[in-house]
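The block underneath contains the structure these notes are about, expressed in structure tokens.
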Amino acid sequence: MSMIGRDPYAYMPELETPRLRLRKLTMRDARDVFAYSRDPEVARHVLWDAHRSIGESRAYIRYMQRKYRMGEAASWGIEWKESGRIIGTIGFMWIHFEHASAEVGYSLARDMWGQGIMTEALREVIRYAFETLRLNRVEAIHEVDNPASGAVMRKCGMRHEGCLRQKLRNKGRYVDVDLYAILRADPRPAARTPR
């Protein structure tokens, strides 16, 4: 659903955490996006294929920029503040304002796995969803054979709500996904000091 009429200029502002800056992607980010998006392991559990050229990464950025202009559900680039490098994306797959709910999705460069980075980013997006967008529910799904993603969701206070059997077709196969969600009224764990 479009954010037009809901102050699109305020939609998807830059967000900041101790180590990260969540910001809109620009064409200057194409090399960084290609660097992690070409990795088959990064693409393994998401619905896009590993990028085969920097042109595919540029096309993805153009697609996101159209979404920004239209005020539609979109993803931020995750910038590692220490280097200014884009190391992944996180954002909304959809937002239903009539139901005050949204789905979040994310991806991260393999060399950044296991450092609590996605937990840090997801906590900030959940905070923004509840405090700024005034949503009531944020949900996320992950393939059942990607338990690390479920661990990120649990660390952010999301609760497992069930397994959706063969919910998605990914890389030529039907996959089961686990559904997690957090409500505005649910407790949110305090952020830990990053390593």
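Just so we're on the same page: first chain in the structure tokens is A, next is B, and so on; residues restart at 1 for each chain, and ligands are numbered from 1 in the order they show up.
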As an NGL selection string, list the residues of chain A assigned to helix (DSSP H, G or I) by DSSP on the backbone atoms of this structure.
-> :A and (8-10 or 27-37 or 40-43 or 54-70 or 110-112 or 117-131 or 147-155)
Residues within 12 Å of Tyr174 of chain A, only C-alpha atoms, excluding chain neighbours under 3 positions, as a list in words =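 Neighbouring residues, sequence-local ones excluded: His45, Leu47, Glu143, Val144, Leu164, Arg165, Gln166, Lys167, Leu168, Arg169, Asn170, Lys171 and Val177 of chain A.
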Please produce an output containing all heavy atoms for each residue in the selection, written as an mmCIF file, in the first residue's frame.
data_model
loop_
_atom_site.group_PDB
_atom_site.id
_atom_site.type_symbol
_atom_site.label_atom_id
_atom_site.label_comp_id
_atom_site.auth_asym_id
_atom_site.auth_seq_id
_atom_site.Cartn_x
_atom_site.Cartn_y
_atom_site.Cartn_z
ATOM 1 N N HIS A 45 18.238 -18.320 0.805
ATOM 2 C CA HIS A 45 16.951 -18.362 1.502
ATOM 3 C C HIS A 45 16.067 -17.153 1.218
ATOM 4 O O HIS A 45 15.077 -16.938 1.917
ATOM 5 C CB HIS A 45 17.181 -18.482 3.012
ATOM 6 C CG HIS A 45 17.855 -19.766 3.394
ATOM 7 N ND1 HIS A 45 17.251 -21.002 3.269
ATOM 8 C CD2 HIS A 45 19.096 -20.017 3.884
ATOM 9 C CE1 HIS A 45 18.078 -21.946 3.676
ATOM 10 N NE2 HIS A 45 19.205 -21.375 4.052
ATOM 11 N N LEU A 47 14.012 -14.700 -1.949
ATOM 12 C CA LEU A 47 13.277 -14.990 -3.178
ATOM 13 C C LEU A 47 13.933 -14.433 -4.431
ATOM 14 O O LEU A 47 13.396 -14.590 -5.517
ATOM 15 C CB LEU A 47 11.833 -14.493 -3.059
ATOM 16 C CG LEU A 47 11.007 -15.219 -1.986
ATOM 17 C CD1 LEU A 47 9.595 -14.657 -1.917
ATOM 18 C CD2 LEU A 47 10.994 -16.719 -2.213
ATOM 19 N N GLU A 143 12.604 -19.471 5.963
ATOM 20 C CA GLU A 143 12.568 -20.883 5.601
ATOM 21 C C GLU A 143 12.978 -21.711 6.809
ATOM 22 O O GLU A 143 13.902 -21.336 7.543
ATOM 23 C CB GLU A 143 13.496 -21.155 4.418
ATOM 24 C CG GLU A 143 13.008 -20.549 3.120
ATOM 25 C CD GLU A 143 13.870 -20.944 1.921
ATOM 26 O OE1 GLU A 143 14.742 -21.836 2.056
ATOM 27 O OE2 GLU A 143 13.658 -20.350 0.847
ATOM 28 N N VAL A 144 12.317 -22.851 6.998
ATOM 29 C CA VAL A 144 12.595 -23.651 8.193
ATOM 30 C C VAL A 144 14.042 -24.147 8.234
ATOM 31 O O VAL A 144 14.572 -24.391 9.324
ATOM 32 C CB VAL A 144 11.608 -24.835 8.333
ATOM 33 C CG1 VAL A 144 10.197 -24.336 8.559
ATOM 34 C CG2 VAL A 144 11.664 -25.751 7.125
ATOM 35 N N LEU A 164 4.158 -22.578 8.099
ATOM 36 C CA LEU A 164 3.298 -22.509 6.916
ATOM 37 C C LEU A 164 3.890 -23.456 5.885
ATOM 38 O O LEU A 164 4.936 -23.181 5.288
ATOM 39 C CB LEU A 164 3.233 -21.071 6.388
ATOM 40 C CG LEU A 164 2.843 -20.015 7.432
ATOM 41 C CD1 LEU A 164 2.901 -18.629 6.826
ATOM 42 C CD2 LEU A 164 1.471 -20.297 8.001
ATOM 43 N N ARG A 165 3.235 -24.582 5.688
ATOM 44 C CA ARG A 165 3.781 -25.637 4.846
ATOM 45 C C ARG A 165 3.753 -25.254 3.374
ATOM 46 O O ARG A 165 2.732 -24.817 2.859
ATOM 47 C CB ARG A 165 3.007 -26.941 5.060
ATOM 48 C CG ARG A 165 3.144 -27.476 6.480
ATOM 49 C CD ARG A 165 2.352 -28.741 6.707
ATOM 50 N NE ARG A 165 0.960 -28.550 6.339
ATOM 51 C CZ ARG A 165 0.225 -29.462 5.679
ATOM 52 N NH1 ARG A 165 0.767 -30.611 5.314
ATOM 53 N NH2 ARG A 165 -1.030 -29.218 5.389
ATOM 54 N N GLN A 166 4.898 -25.389 2.728
ATOM 55 C CA GLN A 166 5.062 -25.103 1.307
ATOM 56 C C GLN A 166 4.440 -23.762 0.919
ATOM 57 O O GLN A 166 3.817 -23.609 -0.118
ATOM 58 C CB GLN A 166 4.491 -26.246 0.460
ATOM 59 C CG GLN A 166 5.238 -27.542 0.688
ATOM 60 C CD GLN A 166 4.827 -28.656 -0.250
ATOM 61 O OE1 GLN A 166 4.066 -28.456 -1.191
ATOM 62 N NE2 GLN A 166 5.362 -29.843 -0.003
ATOM 63 N N LYS A 167 4.673 -22.771 1.751
ATOM 64 C CA LYS A 167 4.114 -21.425 1.562
ATOM 65 C C LYS A 167 4.701 -20.744 0.324
ATOM 66 O O LYS A 167 4.013 -19.999 -0.365
ATOM 67 C CB LYS A 167 4.395 -20.607 2.822
ATOM 68 C CG LYS A 167 4.243 -19.115 2.696
ATOM 69 C CD LYS A 167 2.803 -18.683 2.720
ATOM 70 C CE LYS A 167 2.686 -17.167 2.786
ATOM 71 N NZ LYS A 167 1.324 -16.731 2.556
ATOM 72 N N LEU A 168 5.994 -20.967 0.073
ATOM 73 C CA LEU A 168 6.678 -20.268 -1.011
ATOM 74 C C LEU A 168 7.343 -21.245 -1.967
ATOM 75 O O LEU A 168 7.691 -22.362 -1.582
ATOM 76 C CB LEU A 168 7.754 -19.334 -0.437
ATOM 77 C CG LEU A 168 7.297 -18.246 0.528
ATOM 78 C CD1 LEU A 168 8.501 -17.537 1.111
ATOM 79 C CD2 LEU A 168 6.355 -17.272 -0.145
ATOM 80 N N ARG A 169 7.521 -20.790 -3.194
ATOM 81 C CA ARG A 169 8.333 -21.534 -4.161
ATOM 82 C C ARG A 169 9.627 -20.746 -4.325
ATOM 83 O O ARG A 169 9.620 -19.591 -4.729
ATOM 84 C CB ARG A 169 7.603 -21.663 -5.489
ATOM 85 C CG ARG A 169 8.317 -22.548 -6.489
ATOM 86 C CD ARG A 169 7.410 -22.868 -7.680
ATOM 87 N NE ARG A 169 8.145 -23.526 -8.743
ATOM 88 C CZ ARG A 169 8.439 -24.817 -8.781
ATOM 89 N NH1 ARG A 169 8.049 -25.598 -7.791
ATOM 90 N NH2 ARG A 169 9.109 -25.329 -9.791
ATOM 91 N N ASN A 170 10.729 -21.369 -3.980
ATOM 92 C CA ASN A 170 12.024 -20.688 -4.010
ATOM 93 C C ASN A 170 13.064 -21.593 -4.651
ATOM 94 O O ASN A 170 13.229 -22.744 -4.247
ATOM 95 C CB ASN A 170 12.454 -20.301 -2.585
ATOM 96 C CG ASN A 170 13.633 -19.355 -2.578
ATOM 97 O OD1 ASN A 170 13.977 -18.757 -3.602
ATOM 98 N ND2 ASN A 170 14.250 -19.194 -1.423
ATOM 99 N N LYS A 171 13.744 -21.055 -5.654
ATOM 100 C CA LYS A 171 14.800 -21.783 -6.359
ATOM 101 C C LYS A 171 14.291 -23.140 -6.861
ATOM 102 O O LYS A 171 14.966 -24.167 -6.749
ATOM 103 C CB LYS A 171 16.027 -21.980 -5.466
ATOM 104 C CG LYS A 171 16.497 -20.748 -4.675
ATOM 105 C CD LYS A 171 17.040 -19.657 -5.547
ATOM 106 C CE LYS A 171 17.661 -18.526 -4.744
ATOM 107 N NZ LYS A 171 16.754 -17.716 -3.942
ATOM 108 N N VAL A 177 7.850 -22.404 5.703
ATOM 109 C CA VAL A 177 8.384 -21.230 6.394
ATOM 110 C C VAL A 177 7.795 -21.139 7.797
ATOM 111 O O VAL A 177 6.653 -21.540 8.034
ATOM 112 C CB VAL A 177 8.125 -19.914 5.624
ATOM 113 C CG1 VAL A 177 8.797 -19.931 4.264
ATOM 114 C CG2 VAL A 177 6.641 -19.622 5.484
#
Separation of atom CA of Leu122 of chain A from atom CA of Ala59 of chain A, in Å and rounded to one decimal =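 We find that atom CA of Leu122 of chain A and atom CA of Ala59 of chain A lie 25.0 Å from each other.
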Skip segment 33-44 of chain A itself and residues of its chain fewer than 6 positions away, then list as a tab-separated table (two decimals) with N, CA and C atoms, in the first residue's frame all residues within 9 Å of it, counting only C-alpha atoms.
chain	number	residue	atom	x	y	z
A	50	ALA	N	20.98	-14.99	-6.89
A	50	ALA	CA	22.27	-14.30	-6.77
A	50	ALA	C	22.51	-13.47	-8.03
A	51	HIS	N	22.95	-12.23	-7.82
A	51	HIS	CA	23.18	-11.33	-8.95
A	51	HIS	C	24.37	-11.83	-9.77
A	52	ARG	N	24.21	-11.81	-11.09
A	52	ARG	CA	25.27	-12.27	-11.99
A	52	ARG	C	26.11	-11.12	-12.53
A	53	SER	N	25.63	-9.88	-12.35
A	53	SER	CA	26.37	-8.72	-12.86
A	53	SER	C	26.02	-7.50	-12.01
A	54	ILE	N	26.89	-6.51	-12.08
A	54	ILE	CA	26.59	-5.26	-11.36
A	54	ILE	C	25.35	-4.59	-11.96
A	55	GLY	N	25.07	-4.89	-13.23
A	55	GLY	CA	23.86	-4.36	-13.85
A	55	GLY	C	22.60	-4.83	-13.14
A	56	GLU	N	22.59	-6.08	-12.66
A	56	GLU	CA	21.44	-6.58	-11.91
A	56	GLU	C	21.30	-5.83	-10.58
A	57	SER	N	22.44	-5.53	-9.96
A	57	SER	CA	22.40	-4.77	-8.71
A	57	SER	C	21.89	-3.35	-8.95
A	58	ARG	N	22.30	-2.75	-10.06
A	58	ARG	CA	21.79	-1.41	-10.40
A	58	ARG	C	20.29	-1.45	-10.66
A	61	ILE	N	18.51	-1.51	-7.38
A	61	ILE	CA	18.50	-0.18	-6.75
A	61	ILE	C	17.48	0.72	-7.43
A	77	GLY	N	19.02	0.34	2.75
A	77	GLY	CA	20.35	-0.24	2.74
A	77	GLY	C	20.88	-0.21	4.16
A	86	ILE	N	27.69	-0.59	2.27
A	86	ILE	CA	26.37	-1.22	2.37
A	86	ILE	C	26.59	-2.73	2.49
A	87	ILE	N	26.07	-3.31	3.57
A	87	ILE	CA	26.32	-4.73	3.85
A	87	ILE	C	25.06	-5.57	3.77
A	88	GLY	N	23.93	-4.96	3.44
A	88	GLY	CA	22.69	-5.72	3.33
A	88	GLY	C	21.51	-4.78	3.21
A	89	THR	N	20.32	-5.36	3.29
A	89	THR	CA	19.09	-4.57	3.26
A	89	THR	C	18.13	-5.09	4.31
A	107	SER	N	18.39	-9.18	4.33
A	107	SER	CA	19.51	-9.99	3.86
A	107	SER	C	20.80	-9.31	4.31
A	108	LEU	N	21.87	-10.10	4.44
A	108	LEU	CA	23.11	-9.58	4.99
A	108	LEU	C	24.31	-10.27	4.34
A	109	ALA	N	25.35	-9.49	4.08
A	109	ALA	CA	26.60	-10.03	3.53
A	109	ALA	C	27.14	-11.13	4.43
A	110	ARG	N	27.63	-12.20	3.81
A	110	ARG	CA	28.07	-13.37	4.59
A	110	ARG	C	29.20	-13.05	5.55
A	111	ASP	N	30.11	-12.15	5.17
A	111	ASP	CA	31.23	-11.84	6.07
A	111	ASP	C	30.79	-11.08	7.32
A	170	ASN	N	10.73	-21.37	-3.98
A	170	ASN	CA	12.02	-20.69	-4.01
A	170	ASN	C	13.06	-21.59	-4.65
A	171	LYS	N	13.74	-21.05	-5.65
A	171	LYS	CA	14.80	-21.78	-6.36
A	171	LYS	C	14.29	-23.14	-6.86
How far is it from atom CA of Ala181 of chain A to atom CA of Pro13 of chain A, in Å with one decimal?
->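 One can read the atom CA of Ala181 of chain A to atom CA of Pro13 of chain A distance as 23.1 Å.
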